[in-house]
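As structure tokens, the structure follows; a few thoughts come after it.
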Amino acid sequence: LFTAGIQDPASERFVEVGRYKDLVYYANNNPGVDERFKRSMGPEFAQEYDTLQAALIEVLKNAEYIGPQIAGETLIGKKLQFESKDIGGNPVKSEDIFSAHAVTMINFWATWCGPCKRELPELAKMAKEFEEQDCQLIGVVLDCNNEEKAALAKELLAEAGVDYINLWAEDNIDEVFPVAGYPTTIFVDREGKILIDPIVGAAVNRYRDAMAEALELAGE
């Protein structure tokens with residue numbers, strides 16, 4: 001689908017399928033591409049393809065359209081509040097963790113997640129840098145909810161040189177933490193309010209800039 005601002009809607013390639021305020025949505029109907037695709041699949045597929053494509057466009061015309069959505073927009077300003085325990089089994093409260101620093105970076109990861117594990121050594125270095133800025137980094141191990149998983153998490157953290165706090169993921173993790181993928185990283189102020197859009201995926205090259213932005217928004 002394309003908006004009128006991205007492609008020329010006057011072309012026969014585009015079929016208008018819906019509108020939202022001043023946005024117009026089009027389905028890309030490219031005969032040249034369609035013919036090449038049908039030839040690659042064989043003649044027995046051609047008629048079925050045409051039928052399905054026409055049906056799809058009708059479905060799109062009857063769909064409800066909304067405007068562009070900004071990733072994480074509804075999360076900014078949300079306050080995180082929870083009780084958990086660290087992977088050593090010690091009870092922790094979010095207000096105690098967050099209130100101690102101007103900004104807290106929370107890295108949600110899992111022991112089975114390759115990208116999560118690969119960025120741990122760099123996160124260990126960042127944690128030490130952040131301490132000098134009245135900021136901190138903590139981890140939440142999303143698949144750590146028993147002693148066996150805790151032992152595995154400890155081993156991985158030790159191998160990466162990580163000494164910042166890591167927490168268990170409680171059973172109501174989906175209700176408390178806005179995790180969209182592995183890893184997901186968010187930045188909160190002393191009150192636990194989310195300051196900027198979450199970063200989804202391994203992105204060590206973005207964390208320092210994100211921390212600087214979050215620190216500025218925190219006003220400290």
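Ordering of the structure tokens sets the chain letters (A, B, ...); residue numbers start at 1 within each chain; ligands are numbered from 1 in the order shown.
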List as an mmCIF file with N, CA and C atoms, in the first residue's frame the protein and nucleic acid residues near segment 104-116 of chain A, meaning an atom at most 9 Å away when only C-alpha atoms are counted, but skip any in the same chain fewer than 6 places from it.
```cif
data_model
loop_
_atom_site.group_PDB
_atom_site.id
_atom_site.type_symbol
_atom_site.label_atom_id
_atom_site.label_comp_id
_atom_site.auth_asym_id
_atom_site.auth_seq_id
_atom_site.Cartn_x
_atom_site.Cartn_y
_atom_site.Cartn_z
ATOM 1 N N ILE A 97 14.867 0.993 42.864
ATOM 2 C CA ILE A 97 15.856 0.953 41.788
ATOM 3 C C ILE A 97 15.903 2.275 41.038
ATOM 4 N N PHE A 98 14.752 2.759 40.621
ATOM 5 C CA PHE A 98 14.700 3.941 39.762
ATOM 6 C C PHE A 98 15.065 5.228 40.491
ATOM 7 N N CYS A 135 23.457 7.771 35.892
ATOM 8 C CA CYS A 135 22.547 6.882 35.170
ATOM 9 C C CYS A 135 22.943 5.442 35.483
ATOM 10 N N GLN A 136 22.050 4.536 35.191
ATOM 11 C CA GLN A 136 22.355 3.130 35.432
ATOM 12 C C GLN A 136 21.737 2.252 34.358
ATOM 13 N N LEU A 137 22.234 1.038 34.284
ATOM 14 C CA LEU A 137 21.721 0.038 33.368
ATOM 15 C C LEU A 137 21.340 -1.184 34.199
ATOM 16 N N ILE A 138 20.142 -1.697 33.965
ATOM 17 C CA ILE A 138 19.738 -2.948 34.597
ATOM 18 C C ILE A 138 19.218 -3.891 33.517
ATOM 19 N N GLY A 139 19.234 -5.173 33.806
ATOM 20 C CA GLY A 139 18.709 -6.157 32.878
ATOM 21 C C GLY A 139 17.505 -6.863 33.466
ATOM 22 N N VAL A 140 16.621 -7.311 32.600
ATOM 23 C CA VAL A 140 15.497 -8.169 32.999
ATOM 24 C C VAL A 140 15.551 -9.400 32.109
ATOM 25 N N VAL A 141 15.752 -10.564 32.718
ATOM 26 C CA VAL A 141 15.879 -11.806 31.960
ATOM 27 C C VAL A 141 14.484 -12.384 31.763
ATOM 28 N N LEU A 142 13.985 -12.291 30.559
ATOM 29 C CA LEU A 142 12.580 -12.594 30.296
ATOM 30 C C LEU A 142 12.224 -14.068 30.434
ATOM 31 N N ASP A 143 13.196 -14.955 30.307
ATOM 32 C CA ASP A 143 12.889 -16.372 30.477
ATOM 33 C C ASP A 143 13.473 -16.916 31.785
ATOM 34 N N CYS A 144 13.716 -16.017 32.731
ATOM 35 C CA CYS A 144 14.313 -16.413 34.005
ATOM 36 C C CYS A 144 13.246 -16.349 35.094
ATOM 37 N N LYS A 149 16.994 -21.552 35.301
ATOM 38 C CA LYS A 149 17.209 -20.456 34.357
ATOM 39 C C LYS A 149 18.085 -19.372 34.972
ATOM 40 N N LEU A 152 21.670 -20.329 34.580
ATOM 41 C CA LEU A 152 22.141 -20.112 33.214
ATOM 42 C C LEU A 152 22.397 -18.635 32.964
ATOM 43 N N ALA A 153 21.481 -17.788 33.428
ATOM 44 C CA ALA A 153 21.644 -16.344 33.251
ATOM 45 C C ALA A 153 22.909 -15.858 33.957
ATOM 46 N N LEU A 156 25.964 -16.724 31.846
ATOM 47 C CA LEU A 156 26.115 -15.863 30.668
ATOM 48 C C LEU A 156 26.595 -14.468 31.052
ATOM 49 N N PHE A 177 5.771 -4.939 31.675
ATOM 50 C CA PHE A 177 6.821 -4.450 30.813
ATOM 51 C C PHE A 177 6.391 -4.437 29.356
ATOM 52 N N VAL A 179 7.356 -5.188 26.283
ATOM 53 C CA VAL A 179 8.359 -5.885 25.491
ATOM 54 C C VAL A 179 7.782 -6.255 24.125
ATOM 55 N N GLY A 181 9.952 -7.273 21.459
ATOM 56 C CA GLY A 181 10.873 -8.169 20.768
ATOM 57 C C GLY A 181 12.080 -8.402 21.658
ATOM 58 N N TYR A 182 13.049 -9.124 21.143
ATOM 59 C CA TYR A 182 14.224 -9.488 21.937
ATOM 60 C C TYR A 182 15.490 -8.993 21.245
ATOM 61 N N PRO A 183 16.308 -8.189 21.895
ATOM 62 C CA PRO A 183 16.023 -7.515 23.153
ATOM 63 C C PRO A 183 15.153 -6.273 22.940
ATOM 64 N N THR A 184 14.549 -5.775 24.005
ATOM 65 C CA THR A 184 13.880 -4.473 24.005
ATOM 66 C C THR A 184 14.519 -3.633 25.109
ATOM 67 N N THR A 185 14.773 -2.364 24.804
ATOM 68 C CA THR A 185 15.445 -1.496 25.766
ATOM 69 C C THR A 185 14.646 -0.212 25.941
ATOM 70 N N ILE A 186 14.390 0.150 27.199
ATOM 71 C CA ILE A 186 13.644 1.370 27.485
ATOM 72 C C ILE A 186 14.417 2.218 28.489
ATOM 73 N N PHE A 187 14.046 3.492 28.566
ATOM 74 C CA PHE A 187 14.711 4.446 29.440
ATOM 75 C C PHE A 187 13.661 5.135 30.306
ATOM 76 N N VAL A 188 13.858 5.105 31.615
ATOM 77 C CA VAL A 188 12.889 5.685 32.540
ATOM 78 C C VAL A 188 13.580 6.670 33.471
ATOM 79 N N ASP A 189 12.781 7.598 34.038
ATOM 80 C CA ASP A 189 13.333 8.560 34.991
ATOM 81 C C ASP A 189 13.242 8.017 36.412
ATOM 82 N N ARG A 190 13.471 8.887 37.400
ATOM 83 C CA ARG A 190 13.481 8.454 38.797
ATOM 84 C C ARG A 190 12.125 7.903 39.246
ATOM 85 N N GLY A 192 10.154 6.206 37.268
ATOM 86 C CA GLY A 192 9.809 5.041 36.462
ATOM 87 C C GLY A 192 9.040 5.371 35.205
ATOM 88 N N GLY A 201 15.406 -4.652 19.405
ATOM 89 C CA GLY A 201 16.497 -5.284 18.688
ATOM 90 C C GLY A 201 17.838 -4.866 19.261
ATOM 91 N N ALA A 202 18.863 -5.658 18.979
ATOM 92 C CA ALA A 202 20.205 -5.346 19.439
ATOM 93 C C ALA A 202 20.680 -4.071 18.753
ATOM 94 N N TYR A 207 22.470 3.070 21.938
ATOM 95 C CA TYR A 207 22.147 3.205 23.350
ATOM 96 C C TYR A 207 22.739 4.471 23.985
ATOM 97 N N MET A 211 20.559 7.341 25.701
ATOM 98 C CA MET A 211 20.738 7.727 27.097
ATOM 99 C C MET A 211 20.904 9.238 27.231
#
```
Review point. Per DSSP on the backbone, what are the helix (DSSP H, G or I) residues of segment 12-181 of chain A, as a PyMOL selection string?
Key: chain A and resi 31-41+43-61+94-98+114-118+120-131+147-160+173-176
Exercise for review: Using only C-alpha atoms, pick whichever of A:Arg208, A:Arg13, A:Arg118, A:Arg36 has the shortest atom-to-atom distance to Gln133 of chain A.
Suggested key: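 Among A:Arg208, A:Arg13, A:Arg118, A:Arg36, it is A:Arg208 that comes nearest to Gln133 of chain A.
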Check your understanding: Between A:Ala127, A:Ala180, A:Ala46, A:Ala100, which has the minimum distance to Val200 of chain A (counting only C-alpha atoms)?
Key ->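 Distance minimum relative to Val200 of chain A lands on A:Ala180.
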Practice item. Within 6 Å of Leu167 of chain A, counting only C-alpha atoms, which residues show up once you throw out same-chain ones fewer than 4 positions away? Write them as a PyMOL selection string, please. Key: chain A and resi 85-87+140
Quick one: write out the picked residues with all heavy atoms as an mmCIF file, in the first residue's frame?
```cif
data_model
loop_
_atom_site.group_PDB
_atom_site.id
_atom_site.type_symbol
_atom_site.label_atom_id
_atom_site.label_comp_id
_atom_site.auth_asym_id
_atom_site.auth_seq_id
_atom_site.Cartn_x
_atom_site.Cartn_y
_atom_site.Cartn_z
ATOM 1 N N LYS A 85 12.503 -9.846 41.953
ATOM 2 C CA LYS A 85 13.718 -10.194 42.669
ATOM 3 C C LYS A 85 14.840 -10.311 41.665
ATOM 4 O O LYS A 85 14.612 -10.552 40.460
ATOM 5 C CB LYS A 85 13.544 -11.492 43.455
ATOM 6 C CG LYS A 85 13.034 -12.674 42.667
ATOM 7 C CD LYS A 85 12.752 -13.839 43.613
ATOM 8 C CE LYS A 85 12.066 -14.981 42.891
ATOM 9 N NZ LYS A 85 11.743 -16.102 43.803
ATOM 10 N N ASP A 86 16.055 -10.120 42.150
ATOM 11 C CA ASP A 86 17.182 -10.247 41.245
ATOM 12 C C ASP A 86 17.501 -11.727 41.054
ATOM 13 O O ASP A 86 16.900 -12.594 41.707
ATOM 14 C CB ASP A 86 18.388 -9.451 41.740
ATOM 15 C CG ASP A 86 18.913 -9.938 43.085
ATOM 16 O OD1 ASP A 86 18.738 -11.128 43.418
ATOM 17 O OD2 ASP A 86 19.504 -9.126 43.811
ATOM 18 N N ILE A 87 18.429 -12.017 40.147
ATOM 19 C CA ILE A 87 18.686 -13.424 39.832
ATOM 20 C C ILE A 87 19.380 -14.144 40.977
ATOM 21 O O ILE A 87 19.543 -15.365 40.929
ATOM 22 C CB ILE A 87 19.494 -13.576 38.526
ATOM 23 C CG1 ILE A 87 20.822 -12.823 38.609
ATOM 24 C CG2 ILE A 87 18.670 -13.114 37.350
ATOM 25 C CD1 ILE A 87 21.707 -13.063 37.400
ATOM 26 N N VAL A 140 16.621 -7.311 32.600
ATOM 27 C CA VAL A 140 15.497 -8.169 32.999
ATOM 28 C C VAL A 140 15.551 -9.400 32.109
ATOM 29 O O VAL A 140 15.436 -9.296 30.887
ATOM 30 C CB VAL A 140 14.141 -7.461 32.842
ATOM 31 C CG1 VAL A 140 13.010 -8.421 33.194
ATOM 32 C CG2 VAL A 140 14.068 -6.224 33.718
#
```
Exercise for review: Extract, using only C-alpha atoms, all DNA, RNA and protein residues at most 10 Å from Lys38 of chain A, discarding same-chain residues fewer than 4 positions from it, and format them as a list in words.
Suggested key: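 In the requested format, the answer is Val33, Asp34, Gly42, Pro43, Glu44, Phe45, Ala46, Gln47, Glu48, Tyr49 and Asp50 of chain A.
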Exercise for review: Name the closest residue to Lys79 of chain A among the candidates A:Ala212, A:Ala160, A:Ala169, A:Leu195; distances are taken between atoms, counting only C-alpha atoms.
Suggested key: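 For Lys79 of chain A, the nearest of the given residues is A:Leu195.
Backbone DSSP of segment 57-107 of chain A yields strand (DSSP E) at Glu83, Ser84, Lys85, Pro91, Val92, Lys93, Val103, Thr104, Met105, Ile106 and Asn107 of chain A.
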Those same residues - N, CA, C and O atoms - I'd like them written as a PDB file, in the first residue's frame.
```pdb
ATOM      1  N   GLU A  83       7.241  -5.248  41.637  1.00  0.00           N
ATOM      2  CA  GLU A  83       8.056  -5.913  42.647  1.00  0.00           C
ATOM      3  C   GLU A  83       8.559  -7.205  42.029  1.00  0.00           C
ATOM      4  O   GLU A  83       7.814  -7.933  41.389  1.00  0.00           O
ATOM      5  N   SER A  84       9.818  -7.482  42.208  1.00  0.00           N
ATOM      6  CA  SER A  84      10.413  -8.675  41.620  1.00  0.00           C
ATOM      7  C   SER A  84      11.545  -9.128  42.527  1.00  0.00           C
ATOM      8  O   SER A  84      11.553  -8.826  43.724  1.00  0.00           O
ATOM      9  N   LYS A  85      12.503  -9.846  41.953  1.00  0.00           N
ATOM     10  CA  LYS A  85      13.718 -10.194  42.669  1.00  0.00           C
ATOM     11  C   LYS A  85      14.840 -10.311  41.665  1.00  0.00           C
ATOM     12  O   LYS A  85      14.612 -10.552  40.460  1.00  0.00           O
ATOM     13  N   PRO A  91      14.678  -9.823  46.968  1.00  0.00           N
ATOM     14  CA  PRO A  91      13.521  -9.029  46.551  1.00  0.00           C
ATOM     15  C   PRO A  91      13.916  -7.595  46.216  1.00  0.00           C
ATOM     16  O   PRO A  91      14.800  -7.011  46.842  1.00  0.00           O
ATOM     17  N   VAL A  92      13.265  -7.027  45.189  1.00  0.00           N
ATOM     18  CA  VAL A  92      13.528  -5.651  44.768  1.00  0.00           C
ATOM     19  C   VAL A  92      12.208  -4.969  44.432  1.00  0.00           C
ATOM     20  O   VAL A  92      11.237  -5.616  44.043  1.00  0.00           O
ATOM     21  N   LYS A  93      12.191  -3.657  44.595  1.00  0.00           N
ATOM     22  CA  LYS A  93      11.046  -2.837  44.206  1.00  0.00           C
ATOM     23  C   LYS A  93      11.504  -1.805  43.191  1.00  0.00           C
ATOM     24  O   LYS A  93      12.596  -1.241  43.311  1.00  0.00           O
ATOM     25  N   VAL A 103      18.375   8.550  35.305  1.00  0.00           N
ATOM     26  CA  VAL A 103      17.809   7.741  34.230  1.00  0.00           C
ATOM     27  C   VAL A 103      18.260   6.297  34.415  1.00  0.00           C
ATOM     28  O   VAL A 103      19.410   6.031  34.773  1.00  0.00           O
ATOM     29  N   THR A 104      17.344   5.377  34.176  1.00  0.00           N
ATOM     30  CA  THR A 104      17.660   3.952  34.200  1.00  0.00           C
ATOM     31  C   THR A 104      17.368   3.359  32.830  1.00  0.00           C
ATOM     32  O   THR A 104      16.270   3.526  32.301  1.00  0.00           O
ATOM     33  N   MET A 105      18.351   2.714  32.272  1.00  0.00           N
ATOM     34  CA  MET A 105      18.183   1.973  31.020  1.00  0.00           C
ATOM     35  C   MET A 105      17.868   0.528  31.382  1.00  0.00           C
ATOM     36  O   MET A 105      18.613  -0.111  32.123  1.00  0.00           O
ATOM     37  N   ILE A 106      16.752   0.013  30.881  1.00  0.00           N
ATOM     38  CA  ILE A 106      16.336  -1.347  31.181  1.00  0.00           C
ATOM     39  C   ILE A 106      16.431  -2.174  29.909  1.00  0.00           C
ATOM     40  O   ILE A 106      15.756  -1.898  28.917  1.00  0.00           O
ATOM     41  N   ASN A 107      17.274  -3.190  29.957  1.00  0.00           N
ATOM     42  CA  ASN A 107      17.498  -4.060  28.808  1.00  0.00           C
ATOM     43  C   ASN A 107      16.814  -5.397  29.060  1.00  0.00           C
ATOM     44  O   ASN A 107      17.207  -6.159  29.928  1.00  0.00           O
TER      45      ASN A 107
END
```
